[in-house]
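> My structure file input.pdb, PDB, C-alpha atoms and all ligand atoms, is below:
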ATOM      1  CA  MET H   1       0.000   0.000   0.000
ATOM      2  CA  THR H   2       1.395   3.420  -0.882
ATOM      3  CA  GLU H   3       1.863   5.754   2.022
ATOM      4  CA  LYS H   4      -0.655   8.578   2.275
ATOM      5  CA  LYS H   5       0.393  12.024   1.160
ATOM      6  CA  VAL H   6       0.061  14.997   3.463
ATOM      7  CA  TYR H   7       0.415  18.730   2.873
ATOM      8  CA  LEU H   8       3.121  20.665   4.705
ATOM      9  CA  ASN H   9       4.082  24.258   3.919
ATOM     10  CA  GLY H  10       3.419  24.154   0.197
ATOM     11  CA  GLU H  11       4.487  20.559  -0.477
ATOM     12  CA  TYR H  12       2.740  17.213  -0.722
ATOM     13  CA  LEU H  13       4.855  14.561   0.990
ATOM     14  CA  PRO H  14       4.514  10.977   2.170
ATOM     15  CA  LEU H  15       3.430  11.114   5.837
ATOM     16  CA  SER H  16       6.745   9.736   7.130
ATOM     17  CA  GLU H  17       8.688  12.483   5.324
ATOM     18  CA  ALA H  18       6.635  15.386   6.679
ATOM     19  CA  LYS H  19       8.795  16.884   9.445
ATOM     20  CA  ILE H  20       8.694  20.071  11.495
ATOM     21  CA  SER H  21      11.324  21.728  13.664
ATOM     22  CA  VAL H  22      11.309  21.114  17.424
ATOM     23  CA  LEU H  23      11.279  24.915  17.705
ATOM     24  CA  ASP H  24       7.862  25.064  16.048
ATOM     25  CA  ARG H  25       5.607  26.923  18.482
ATOM     26  CA  GLY H  26       2.862  24.400  17.862
ATOM     27  CA  PHE H  27       5.145  21.739  19.334
ATOM     28  CA  LEU H  28       6.545  23.863  22.170
ATOM     29  CA  PHE H  29       3.422  25.773  23.255
ATOM     30  CA  GLY H  30       0.413  24.389  21.404
ATOM     31  CA  ASP H  31       0.451  27.836  19.766
ATOM     32  CA  GLY H  32      -1.859  27.079  16.865
ATOM     33  CA  VAL H  33      -5.384  26.399  15.682
ATOM     34  CA  TYR H  34      -6.994  23.660  13.638
ATOM     35  CA  GLU H  35     -10.053  22.480  11.744
ATOM     36  CA  VAL H  36     -11.607  19.100  11.115
ATOM     37  CA  ILE H  37     -13.566  19.185   7.852
ATOM     38  CA  PRO H  38     -15.569  16.121   6.812
ATOM     39  CA  ALA H  39     -15.892  15.086   3.177
ATOM     40  CA  TYR H  40     -18.580  12.845   1.732
ATOM     41  CA  SER H  41     -18.256  11.243  -1.695
ATOM     42  CA  GLY H  42     -15.153  13.349  -2.313
ATOM     43  CA  ARG H  43     -16.790  16.697  -1.472
ATOM     44  CA  LEU H  44     -15.854  18.836   1.495
ATOM     45  CA  PHE H  45     -18.908  19.349   3.733
ATOM     46  CA  CYS H  46     -19.709  22.916   4.878
ATOM     47  CA  LEU H  47     -16.290  24.092   3.713
ATOM     48  CA  GLU H  48     -17.150  27.815   3.873
ATOM     49  CA  ALA H  49     -18.356  27.498   7.462
ATOM     50  CA  HIS H  50     -15.209  25.626   8.508
ATOM     51  CA  LEU H  51     -12.993  28.220   6.808
ATOM     52  CA  GLN H  52     -14.903  31.044   8.484
ATOM     53  CA  ARG H  53     -14.360  29.407  11.885
ATOM     54  CA  LEU H  54     -10.669  28.895  11.005
ATOM     55  CA  SER H  55     -10.403  32.571  10.173
ATOM     56  CA  ASN H  56     -12.070  33.481  13.503
ATOM     57  CA  SER H  57      -9.669  31.202  15.397
ATOM     58  CA  LEU H  58      -6.655  32.673  13.583
ATOM     59  CA  ASN H  59      -7.812  36.227  14.288
ATOM     60  CA  ALA H  60      -8.310  35.341  17.953
ATOM     61  CA  ILE H  61      -4.683  34.265  18.275
ATOM     62  CA  ARG H  62      -3.449  37.163  16.124
ATOM     63  CA  LEU H  63      -2.391  35.185  13.065
ATOM     64  CA  SER H  64      -3.559  36.137   9.606
ATOM     65  CA  VAL H  65      -5.386  33.802   7.254
ATOM     66  CA  PRO H  66      -2.846  32.638   4.669
ATOM     67  CA  PHE H  67      -5.245  31.621   1.865
ATOM     68  CA  ASP H  68      -8.656  32.394   0.409
ATOM     69  CA  THR H  69     -11.363  29.771  -0.127
ATOM     70  CA  ALA H  70     -10.273  28.911  -3.686
ATOM     71  CA  GLN H  71      -6.661  28.469  -2.563
ATOM     72  CA  TRP H  72      -7.710  26.268   0.357
ATOM     73  CA  LEU H  73      -9.767  24.153  -2.007
ATOM     74  CA  ASP H  74      -6.749  23.743  -4.321
ATOM     75  CA  ILE H  75      -4.627  22.641  -1.347
ATOM     76  CA  LEU H  76      -7.144  20.313   0.308
ATOM     77  CA  GLN H  77      -8.849  18.630  -2.649
ATOM     78  CA  PRO H  78      -5.786  16.576  -3.748
ATOM     79  CA  LEU H  79      -5.558  15.102  -0.234
ATOM     80  CA  LEU H  80      -8.976  13.452  -0.424
ATOM     81  CA  ILE H  81      -8.702   9.687  -0.579
ATOM     82  CA  GLU H  82     -10.906   6.925  -1.958
ATOM     83  CA  GLY H  83     -13.917   6.151   0.161
ATOM     84  CA  ASP H  84     -17.208   7.528   1.259
ATOM     85  CA  ALA H  85     -16.559   9.377   4.520
ATOM     86  CA  GLN H  86     -13.285  11.123   5.230
ATOM     87  CA  TYR H  87     -12.055  14.175   7.052
ATOM     88  CA  ILE H  88      -9.340  16.712   6.525
ATOM     89  CA  TYR H  89      -7.322  17.673   9.578
ATOM     90  CA  LEU H  90      -5.884  21.149   9.007
ATOM     91  CA  GLN H  91      -3.525  22.828  11.450
ATOM     92  CA  ILE H  92      -1.837  26.211  11.429
ATOM     93  CA  THR H  93       0.757  27.141  14.024
ATOM     94  CA  ARG H  94       2.625  30.385  14.570
ATOM     95  CA  GLY H  95       5.654  28.646  13.076
ATOM     96  CA  VAL H  96       9.297  28.176  13.975
ATOM     97  CA  ALA H  97      10.887  30.829  16.189
ATOM     98  CA  GLY H  98      14.627  31.314  16.743
ATOM     99  CA  LYS H  99      14.361  30.462  20.425
ATOM    100  CA  ARG H 100      11.784  29.318  22.958
ATOM    101  CA  ASP H 101      10.061  32.397  24.323
ATOM    102  CA  HIS H 102       6.437  32.701  25.401
ATOM    103  CA  ALA H 103       6.066  36.093  23.692
ATOM    104  CA  PHE H 104       5.372  36.124  19.938
ATOM    105  CA  PRO H 105       8.531  36.203  17.815
ATOM    106  CA  GLU H 106       8.965  39.341  15.720
ATOM    107  CA  GLN H 107       9.272  37.362  12.526
ATOM    108  CA  CYS H 108       7.806  33.972  12.036
ATOM    109  CA  GLU H 109       6.189  32.139   9.157
ATOM    110  CA  ALA H 110       3.105  30.086   9.978
ATOM    111  CA  THR H 111       3.359  26.307   9.644
ATOM    112  CA  VAL H 112       0.472  24.905   7.589
ATOM    113  CA  PHE H 113      -0.227  21.189   7.763
ATOM    114  CA  ALA H 114      -3.120  19.134   6.378
ATOM    115  CA  MET H 115      -3.900  15.447   6.038
ATOM    116  CA  CYS H 116      -6.886  13.300   5.188
ATOM    117  CA  SER H 117      -8.151  10.252   7.124
ATOM    118  CA  ALA H 118     -11.112   7.929   6.801
ATOM    119  CA  ILE H 119     -14.016   8.465   9.188
ATOM    120  CA  ALA H 120     -14.378   5.153  10.997
ATOM    121  CA  PRO H 121     -17.900   3.752  10.832
ATOM    122  CA  PHE H 122     -19.518   4.287  14.208
ATOM    123  CA  GLU H 123     -22.287   2.298  15.873
ATOM    124  CA  HIS H 124     -24.695   5.220  15.935
ATOM    125  CA  GLN H 125     -27.847   3.252  15.982
ATOM    126  CA  GLN H 126     -27.337   1.647  19.390
ATOM    127  CA  GLY H 127     -26.435   4.771  21.347
ATOM    128  CA  VAL H 128     -23.464   5.391  23.652
ATOM    129  CA  LYS H 129     -22.597   5.963  27.299
ATOM    130  CA  ALA H 130     -21.458   9.339  28.630
ATOM    131  CA  ILE H 131     -20.417  10.718  32.002
ATOM    132  CA  THR H 132     -20.560  14.238  33.357
ATOM    133  CA  LEU H 133     -17.309  15.837  34.495
ATOM    134  CA  ASP H 134     -16.310  19.250  35.762
ATOM    135  CA  ASP H 135     -15.355  21.523  32.889
ATOM    136  CA  VAL H 136     -11.826  22.346  33.989
ATOM    137  CA  ARG H 137     -10.816  23.978  30.696
ATOM    138  CA  TRP H 138      -9.870  27.579  30.033
ATOM    139  CA  GLN H 139     -12.046  30.545  29.090
ATOM    140  CA  LEU H 140     -11.348  30.597  25.350
ATOM    141  CA  CYS H 141     -13.126  27.431  24.294
ATOM    142  CA  ASN H 142     -14.611  29.232  21.281
ATOM    143  CA  ILE H 143     -11.141  29.139  19.665
ATOM    144  CA  LYS H 144     -10.402  25.834  17.968
ATOM    145  CA  ALA H 145      -6.935  25.742  19.489
ATOM    146  CA  THR H 146      -4.511  22.827  19.301
ATOM    147  CA  THR H 147      -3.893  23.403  23.016
ATOM    148  CA  LEU H 148      -6.177  20.525  24.028
ATOM    149  CA  LEU H 149      -4.744  19.129  27.256
ATOM    150  CA  GLY H 150      -7.954  19.822  29.213
ATOM    151  CA  ASN H 151     -10.099  18.148  26.551
ATOM    152  CA  ILE H 152      -7.911  15.069  26.212
ATOM    153  CA  LEU H 153      -7.669  14.487  29.970
ATOM    154  CA  LEU H 154     -11.462  14.713  30.228
ATOM    155  CA  ARG H 155     -12.033  12.424  27.231
ATOM    156  CA  GLN H 156      -9.592   9.892  28.687
ATOM    157  CA  GLN H 157     -11.406   9.981  32.027
ATOM    158  CA  ALA H 158     -14.611   9.157  30.143
ATOM    159  CA  ILE H 159     -12.927   6.263  28.298
ATOM    160  CA  ASP H 160     -11.448   4.966  31.566
ATOM    161  CA  SER H 161     -15.009   4.867  32.963
ATOM    162  CA  GLY H 162     -16.228   2.805  30.017
ATOM    163  CA  CYS H 163     -17.884   5.800  28.314
ATOM    164  CA  VAL H 164     -17.492   7.305  24.876
ATOM    165  CA  GLU H 165     -17.604  10.957  25.880
ATOM    166  CA  ALA H 166     -17.588  13.330  28.845
ATOM    167  CA  ILE H 167     -20.297  16.001  29.034
ATOM    168  CA  LEU H 168     -18.719  18.974  30.752
ATOM    169  CA  ILE H 169     -20.422  20.907  33.527
ATOM    170  CA  LYS H 170     -19.474  24.456  34.468
ATOM    171  CA  ASP H 171     -21.159  26.264  37.388
ATOM    172  CA  GLY H 172     -23.973  23.712  37.319
ATOM    173  CA  TYR H 173     -24.661  23.959  33.554
ATOM    174  CA  ALA H 174     -23.653  21.755  30.613
ATOM    175  CA  THR H 175     -21.217  23.398  28.247
ATOM    176  CA  GLU H 176     -20.284  20.757  25.635
ATOM    177  CA  GLY H 177     -18.587  17.377  25.249
ATOM    178  CA  ALA H 178     -14.803  16.979  25.456
ATOM    179  CA  ALA H 179     -14.798  16.966  21.629
ATOM    180  CA  SER H 180     -18.441  17.542  20.700
ATOM    181  CA  ASN H 181     -21.440  19.832  21.239
ATOM    182  CA  VAL H 182     -24.404  18.749  23.284
ATOM    183  CA  PHE H 183     -28.141  18.723  22.549
ATOM    184  CA  ALA H 184     -30.963  17.526  24.803
ATOM    185  CA  VAL H 185     -34.655  16.929  24.249
ATOM    186  CA  ILE H 186     -36.515  18.566  27.134
ATOM    187  CA  ASP H 187     -40.336  18.538  27.185
ATOM    188  CA  ASN H 188     -40.269  17.745  23.455
ATOM    189  CA  VAL H 189     -38.093  20.758  22.664
ATOM    190  CA  LEU H 190     -34.592  20.338  21.263
ATOM    191  CA  VAL H 191     -32.266  22.443  23.417
ATOM    192  CA  THR H 192     -28.577  23.285  23.032
ATOM    193  CA  PRO H 193     -26.450  25.700  25.067
ATOM    194  CA  PRO H 194     -26.058  29.121  23.415
ATOM    195  CA  LEU H 195     -22.755  30.146  21.822
ATOM    196  CA  SER H 196     -20.274  31.717  24.214
ATOM    197  CA  ASN H 197     -16.583  31.598  25.040
ATOM    198  CA  GLU H 198     -17.340  28.362  26.935
ATOM    199  CA  ILE H 199     -18.049  26.237  23.871
ATOM    200  CA  LEU H 200     -16.756  25.660  20.381
ATOM    201  CA  PRO H 201     -19.190  26.949  17.752
ATOM    202  CA  GLY H 202     -19.631  23.522  16.182
ATOM    203  CA  ILE H 203     -20.402  23.332  12.484
ATOM    204  CA  THR H 204     -22.477  20.177  13.024
ATOM    205  CA  ARG H 205     -24.360  22.094  15.741
ATOM    206  CA  ASP H 206     -25.172  24.822  13.171
ATOM    207  CA  VAL H 207     -26.353  22.275  10.601
ATOM    208  CA  ILE H 208     -28.661  20.659  13.179
ATOM    209  CA  ILE H 209     -30.086  24.024  14.252
ATOM    210  CA  ASP H 210     -30.788  24.867  10.578
ATOM    211  CA  LEU H 211     -32.338  21.469   9.927
ATOM    212  CA  ALA H 212     -34.559  21.779  13.022
ATOM    213  CA  GLN H 213     -35.711  25.211  11.924
ATOM    214  CA  THR H 214     -36.367  24.322   8.283
ATOM    215  CA  ASN H 215     -38.261  21.191   9.264
ATOM    216  CA  GLY H 216     -40.383  22.793  11.967
ATOM    217  CA  LEU H 217     -38.862  21.066  15.031
ATOM    218  CA  SER H 218     -39.051  23.146  18.220
ATOM    219  CA  LEU H 219     -35.576  24.301  19.143
ATOM    220  CA  ARG H 220     -34.151  26.598  21.795
ATOM    221  CA  GLU H 221     -30.598  27.790  22.363
ATOM    222  CA  GLN H 222     -30.669  27.865  26.141
ATOM    223  CA  ALA H 223     -28.454  26.930  29.092
ATOM    224  CA  ILE H 224     -29.081  23.372  30.346
ATOM    225  CA  SER H 225     -28.610  22.757  34.055
ATOM    226  CA  LEU H 226     -27.212  19.421  35.217
ATOM    227  CA  GLU H 227     -30.608  18.556  36.767
ATOM    228  CA  THR H 228     -32.395  19.325  33.493
ATOM    229  CA  LEU H 229     -29.855  17.248  31.572
ATOM    230  CA  GLN H 230     -30.449  14.354  33.950
ATOM    231  CA  SER H 231     -34.187  14.513  33.269
ATOM    232  CA  ALA H 232     -33.870  14.918  29.463
ATOM    233  CA  SER H 233     -35.679  12.345  27.330
ATOM    234  CA  GLU H 234     -32.799  12.390  24.812
ATOM    235  CA  ILE H 235     -29.195  13.587  24.801
ATOM    236  CA  TRP H 236     -27.049  13.856  21.661
ATOM    237  CA  LEU H 237     -23.410  14.685  21.035
ATOM    238  CA  THR H 238     -22.500  16.246  17.719
ATOM    239  CA  SER H 239     -19.248  16.610  15.818
ATOM    240  CA  SER H 240     -17.805  16.478  12.330
ATOM    241  CA  THR H 241     -16.375  12.997  12.775
ATOM    242  CA  ARG H 242     -19.244  11.394  14.698
ATOM    243  CA  GLU H 243     -22.183  13.341  13.309
ATOM    244  CA  ILE H 244     -25.077  12.951  15.800
ATOM    245  CA  LEU H 245     -24.410  10.473  18.547
ATOM    246  CA  PRO H 246     -27.337   9.483  20.764
ATOM    247  CA  VAL H 247     -26.429   9.082  24.449
ATOM    248  CA  ILE H 248     -28.474   6.347  26.124
ATOM    249  CA  THR H 249     -26.698   6.245  29.487
ATOM    250  CA  LEU H 250     -25.568   9.272  31.500
ATOM    251  CA  ASP H 251     -23.549   8.601  34.649
ATOM    252  CA  ASN H 252     -24.717   4.978  34.543
ATOM    253  CA  LYS H 253     -28.402   5.941  34.499
ATOM    254  CA  PRO H 254     -30.635   5.509  31.448
ATOM    255  CA  VAL H 255     -31.415   8.629  29.415
ATOM    256  CA  GLY H 256     -35.211   8.679  28.889
ATOM    257  CA  ASN H 257     -36.229   5.070  28.391
ATOM    258  CA  GLY H 258     -32.624   4.019  27.750
ATOM    259  CA  GLN H 259     -33.226   3.604  24.008
ATOM    260  CA  VAL H 260     -32.278   5.752  21.049
ATOM    261  CA  GLY H 261     -34.980   8.442  20.913
ATOM    262  CA  GLU H 262     -37.513   9.335  18.250
ATOM    263  CA  VAL H 263     -36.322  12.915  17.838
ATOM    264  CA  TRP H 264     -32.813  11.595  17.178
ATOM    265  CA  GLN H 265     -34.186   9.231  14.531
ATOM    266  CA  THR H 266     -35.988  12.102  12.834
ATOM    267  CA  MET H 267     -32.929  14.363  12.933
ATOM    268  CA  GLN H 268     -30.640  11.552  11.809
ATOM    269  CA  GLN H 269     -32.787  11.150   8.691
ATOM    270  CA  PHE H 270     -32.732  14.913   7.987
ATOM    271  CA  PHE H 271     -28.960  14.948   8.465
ATOM    272  CA  GLN H 272     -28.270  11.978   6.186
ATOM    273  CA  ASP H 273     -30.555  13.464   3.502
ATOM    274  CA  TYR H 274     -28.792  16.815   3.818
ATOM    275  CA  LYS H 275     -25.376  15.152   3.446
ATOM    276  CA  ARG H 276     -26.555  13.531   0.220
ATOM    277  CA  VAL H 277     -27.928  16.797  -1.141
ATOM    278  CA  VAL H 278     -24.756  18.796  -0.536
ATOM    279  CA  SER H 279     -22.253  16.040  -1.453
TER
HETATM  280  N1  LIG I 301     -13.852  18.321  17.495
HETATM  281  N2  LIG I 301     -16.619  21.015  20.777
HETATM  282  C1  LIG I 301     -15.355  20.586  20.837
HETATM  283  C2  LIG I 301     -14.561  20.856  22.063
HETATM  284  C3  LIG I 301     -14.806  19.883  19.743
HETATM  285  O1  LIG I 301     -13.522  19.466  19.794
HETATM  286  C4  LIG I 301     -15.609  19.618  18.603
HETATM  287  C5  LIG I 301     -15.103  18.880  17.407
HETATM  288  C6  LIG I 301     -16.930  20.089  18.593
HETATM  289  C7  LIG I 301     -17.843  19.889  17.403
HETATM  290  O2  LIG I 301     -17.504  20.768  16.347
HETATM  291  P1  LIG I 301     -17.785  20.377  14.822
HETATM  292  O3  LIG I 301     -19.220  20.028  14.727
HETATM  293  O4  LIG I 301     -17.454  21.605  14.059
HETATM  294  O5  LIG I 301     -16.895  19.193  14.492
HETATM  295  C8  LIG I 301     -17.401  20.797  19.691
HETATM  296  C9  LIG I 301     -13.186  17.741  16.357
HETATM  297  C10 LIG I 301     -14.002  16.778  15.578
HETATM  298  C11 LIG I 301     -11.823  17.208  16.794
HETATM  299  O6  LIG I 301     -11.212  17.870  17.616
HETATM  300  O7  LIG I 301     -11.363  16.182  16.279
END
When written as structure tokens, how does the structure in this file appear?

Amino acid sequence: MTEKKVYLNGEYLPLSEAKISVLDRGFLFGDGVYEVIPAYSGRLFCLEAHLQRLSNSLNAIRLSVPFDTAQWLDILQPLLIEGDAQYIYLQITRGVAGKRDHAFPEQCEATVFAMCSAIAPFEHQQGVKAITLDDVRWQLCNIKATTLLGNILLRQQAIDSGCVEAILIKDGYATEGAASNVFAVIDNVLVTPPLSNEILPGITRDVIIDLAQTNGLSLREQAISLETLQSASEIWLTSSTREILPVITLDNKPVGNGQVGEVWQTMQQFFQDYKRVVS
């Protein structure tokens, strides 16, 4: 099997030949941002929205956007591999500085890296287990930063407890998953926490909100307390790589009747249809 090609600073290289300096600030400080862009049937899904979020993340860390949409498309398209569902991982760091110093270097060229991977088929239909954990992360969760130590420690704690994801609780309210946004069905209304610096503005979250609105499902962007979450009839986790994941057990207790819910089944159908239309 030929090794997959990745993009690094203007070149396409076999993965094993793509190397960065140990002085890269992404390596030393996690000083960078990233995107995960799904592609279905060879077409990038919601590309504009992902690039807009990338631009917001770059602005937030005071880096400028190196390419326009057409240039990004030229860079990313050749990375797409055979297969139905894939995703592009795209990372931009502040680049290689002359020495390790927390402050920004005066001159530095951003490191741009991208690769494509298959999206592993996931057992959506049966639902997954989640636990709630204290949201111990920082106050800039709206930036899609590579600095993910908080998220990975929380996700690992969930895995260690036999769960697929941690739902994070801050001051008594759900923020998001360790690597996903959260939705709950409460009194037949689909509810998701409003955008703020405490959550990532998920692209899948946006698609679901649009689909709910166009199809006449009741939806509210509203804070969800832990007690409300515990009494929800359905809980979902959403992300670009896992789409809409129904949670059937929260902290070892069944969510609703412990089965995948009807609202999820409806939304899942809308989402799959939408993917087909835009791909
Ligand atoms: N993560 N919140 C967090 C903290 C995330 O890391 C993610 C996605 C989301 C969902 O965003 P989107 O719908 O745009 O994928 C929410 C990606 C998949 C990752 O880090 O691999």
> Per residue of chain H within 8 Å of ligand LIG 301 (chain I), what are the shortest atom pair and its distance in Å to one decimal, counting only C-alpha atoms and all ligand atoms, with rows by chain and residue number, as JSON lines?

{"residue": "H:Glu35", "atom": "CA", "partner": "I:LIG301", "partner_atom": "C9", "distance": 7.3}
{"residue": "H:Val36", "atom": "CA", "partner": "I:LIG301", "partner_atom": "C10", "distance": 5.6}
{"residue": "H:Ile37", "atom": "CA", "partner": "I:LIG301", "partner_atom": "O5", "distance": 7.4}
{"residue": "H:His50", "atom": "CA", "partner": "I:LIG301", "partner_atom": "O4", "distance": 7.2}
{"residue": "H:Tyr89", "atom": "CA", "partner": "I:LIG301", "partner_atom": "O7", "distance": 8.0}
{"residue": "H:Cys141", "atom": "CA", "partner": "I:LIG301", "partner_atom": "C2", "distance": 7.1}
{"residue": "H:Lys144", "atom": "CA", "partner": "I:LIG301", "partner_atom": "O1", "distance": 7.3}
{"residue": "H:Asn151", "atom": "CA", "partner": "I:LIG301", "partner_atom": "C2", "distance": 6.9}
{"residue": "H:Glu176", "atom": "CA", "partner": "I:LIG301", "partner_atom": "N2", "distance": 6.1}
{"residue": "H:Gly177", "atom": "CA", "partner": "I:LIG301", "partner_atom": "N2", "distance": 6.1}
{"residue": "H:Ala178", "atom": "CA", "partner": "I:LIG301", "partner_atom": "C2", "distance": 5.2}
{"residue": "H:Ala179", "atom": "CA", "partner": "I:LIG301", "partner_atom": "O1", "distance": 3.4}
{"residue": "H:Ser180", "atom": "CA", "partner": "I:LIG301", "partner_atom": "C8", "distance": 3.6}
{"residue": "H:Asn181", "atom": "CA", "partner": "I:LIG301", "partner_atom": "C8", "distance": 4.4}
{"residue": "H:Ile199", "atom": "CA", "partner": "I:LIG301", "partner_atom": "N2", "distance": 6.2}
{"residue": "H:Leu200", "atom": "CA", "partner": "I:LIG301", "partner_atom": "N2", "distance": 4.7}
{"residue": "H:Pro201", "atom": "CA", "partner": "I:LIG301", "partner_atom": "O2", "distance": 6.6}
{"residue": "H:Gly202", "atom": "CA", "partner": "I:LIG301", "partner_atom": "O2", "distance": 3.5}
{"residue": "H:Ile203", "atom": "CA", "partner": "I:LIG301", "partner_atom": "O4", "distance": 3.8}
{"residue": "H:Thr204", "atom": "CA", "partner": "I:LIG301", "partner_atom": "O3", "distance": 3.7}
{"residue": "H:Arg205", "atom": "CA", "partner": "I:LIG301", "partner_atom": "O3", "distance": 5.6}
{"residue": "H:Asp206", "atom": "CA", "partner": "I:LIG301", "partner_atom": "O3", "distance": 7.8}
{"residue": "H:Thr238", "atom": "CA", "partner": "I:LIG301", "partner_atom": "O3", "distance": 5.8}
{"residue": "H:Ser239", "atom": "CA", "partner": "I:LIG301", "partner_atom": "O3", "distance": 3.6}
{"residue": "H:Ser240", "atom": "CA", "partner": "I:LIG301", "partner_atom": "O5", "distance": 3.6}
{"residue": "H:Thr241", "atom": "CA", "partner": "I:LIG301", "partner_atom": "C10", "distance": 5.3}
{"residue": "H:Arg242", "atom": "CA", "partner": "I:LIG301", "partner_atom": "C10", "distance": 7.6}
{"residue": "H:Glu243", "atom": "CA", "partner": "I:LIG301", "partner_atom": "O3", "distance": 7.5}
> Could you pull the residues within 6 Å of region 102-110 of chain H, counting all atoms listed in the file, minus those fewer than 2 positions along the same chain, as a PyMOL selection string?
chain H and resi 93-95
> Next, the residues of the selection above should be written as a short mmCIF file (atom, residue, chain, number, x, y, z; two decimals), keeping the file's coordinate frame with C-alpha atoms.

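As a result, out20.cif now contains:
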data_model
loop_
_atom_site.label_atom_id
_atom_site.label_comp_id
_atom_site.auth_asym_id
_atom_site.auth_seq_id
_atom_site.Cartn_x
_atom_site.Cartn_y
_atom_site.Cartn_z
CA THR H 93 0.76 27.14 14.02
CA ARG H 94 2.62 30.38 14.57
CA GLY H 95 5.65 28.65 13.08
#
> With only C-alpha atoms counted and 10 Å as the cut-off, give the residues of region 106-199 of chain H in contact with region 77-80 of chain H, each with its shortest interatomic distance in Å and the pair that gives it, as a Markdown table.

| residue | atom | partner | partner_atom | distance |
| --- | --- | --- | --- | --- |
| H:Ala114 | CA | H:Leu79 | CA | 8.1 |
| H:Met115 | CA | H:Leu79 | CA | 6.5 |
| H:Cys116 | CA | H:Leu79 | CA | 5.9 |
| H:Ser117 | CA | H:Leu80 | CA | 8.2 |
| H:Ala118 | CA | H:Leu80 | CA | 9.3 |
> Which protein, DNA or RNA residues have an atom at most 10 Å from (-1.7, 18.6, 13.7), counting all atoms listed in the file? List them as a PDB file with C-alpha atoms, in the frame of the given file.

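Final output, saved to result-v7.pdb:
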ATOM      1  CA  GLY H  26       2.862  24.400  17.862  1.00  0.00           C
ATOM      2  CA  PHE H  27       5.145  21.739  19.334  1.00  0.00           C
ATOM      3  CA  GLY H  30       0.413  24.389  21.404  1.00  0.00           C
ATOM      4  CA  GLY H  32      -1.859  27.079  16.865  1.00  0.00           C
ATOM      5  CA  VAL H  33      -5.384  26.399  15.682  1.00  0.00           C
ATOM      6  CA  TYR H  34      -6.994  23.660  13.638  1.00  0.00           C
ATOM      7  CA  GLU H  35     -10.053  22.480  11.744  1.00  0.00           C
ATOM      8  CA  TYR H  89      -7.322  17.673   9.578  1.00  0.00           C
ATOM      9  CA  LEU H  90      -5.884  21.149   9.007  1.00  0.00           C
ATOM     10  CA  GLN H  91      -3.525  22.828  11.450  1.00  0.00           C
ATOM     11  CA  ILE H  92      -1.837  26.211  11.429  1.00  0.00           C
ATOM     12  CA  THR H  93       0.757  27.141  14.024  1.00  0.00           C
ATOM     13  CA  VAL H 112       0.472  24.905   7.589  1.00  0.00           C
ATOM     14  CA  PHE H 113      -0.227  21.189   7.763  1.00  0.00           C
ATOM     15  CA  ALA H 114      -3.120  19.134   6.378  1.00  0.00           C
ATOM     16  CA  MET H 115      -3.900  15.447   6.038  1.00  0.00           C
ATOM     17  CA  THR H 146      -4.511  22.827  19.301  1.00  0.00           C
TER      18      THR H 146
END
> Would you mind reading off the distance between CA of Ser21 (chain H) and CA of Gly98 (chain H), one decimal, in Å?
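One can read the CA of Ser21 (chain H) to CA of Gly98 (chain H) distance as 10.6 Å.
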> Where does region 108-131 of chain H meet region 252-267 of chain H within 10 Å, residue by residue, with the nearest atom pair and distance in Å to one decimal for each, counting only C-alpha atoms, listed by chain and rising number, as CSV?

residue,atom,partner,partner_atom,distance
H:His124,CA,H:Val260,CA,9.2
H:Gln125,CA,H:Val260,CA,7.2
H:Gln126,CA,H:Val260,CA,6.6
H:Gly127,CA,H:Val260,CA,5.9
H:Val128,CA,H:Val260,CA,9.2
H:Lys129,CA,H:Asn252,CA,7.6
H:Ala130,CA,H:Asn252,CA,8.0
H:Ile131,CA,H:Asn252,CA,7.6
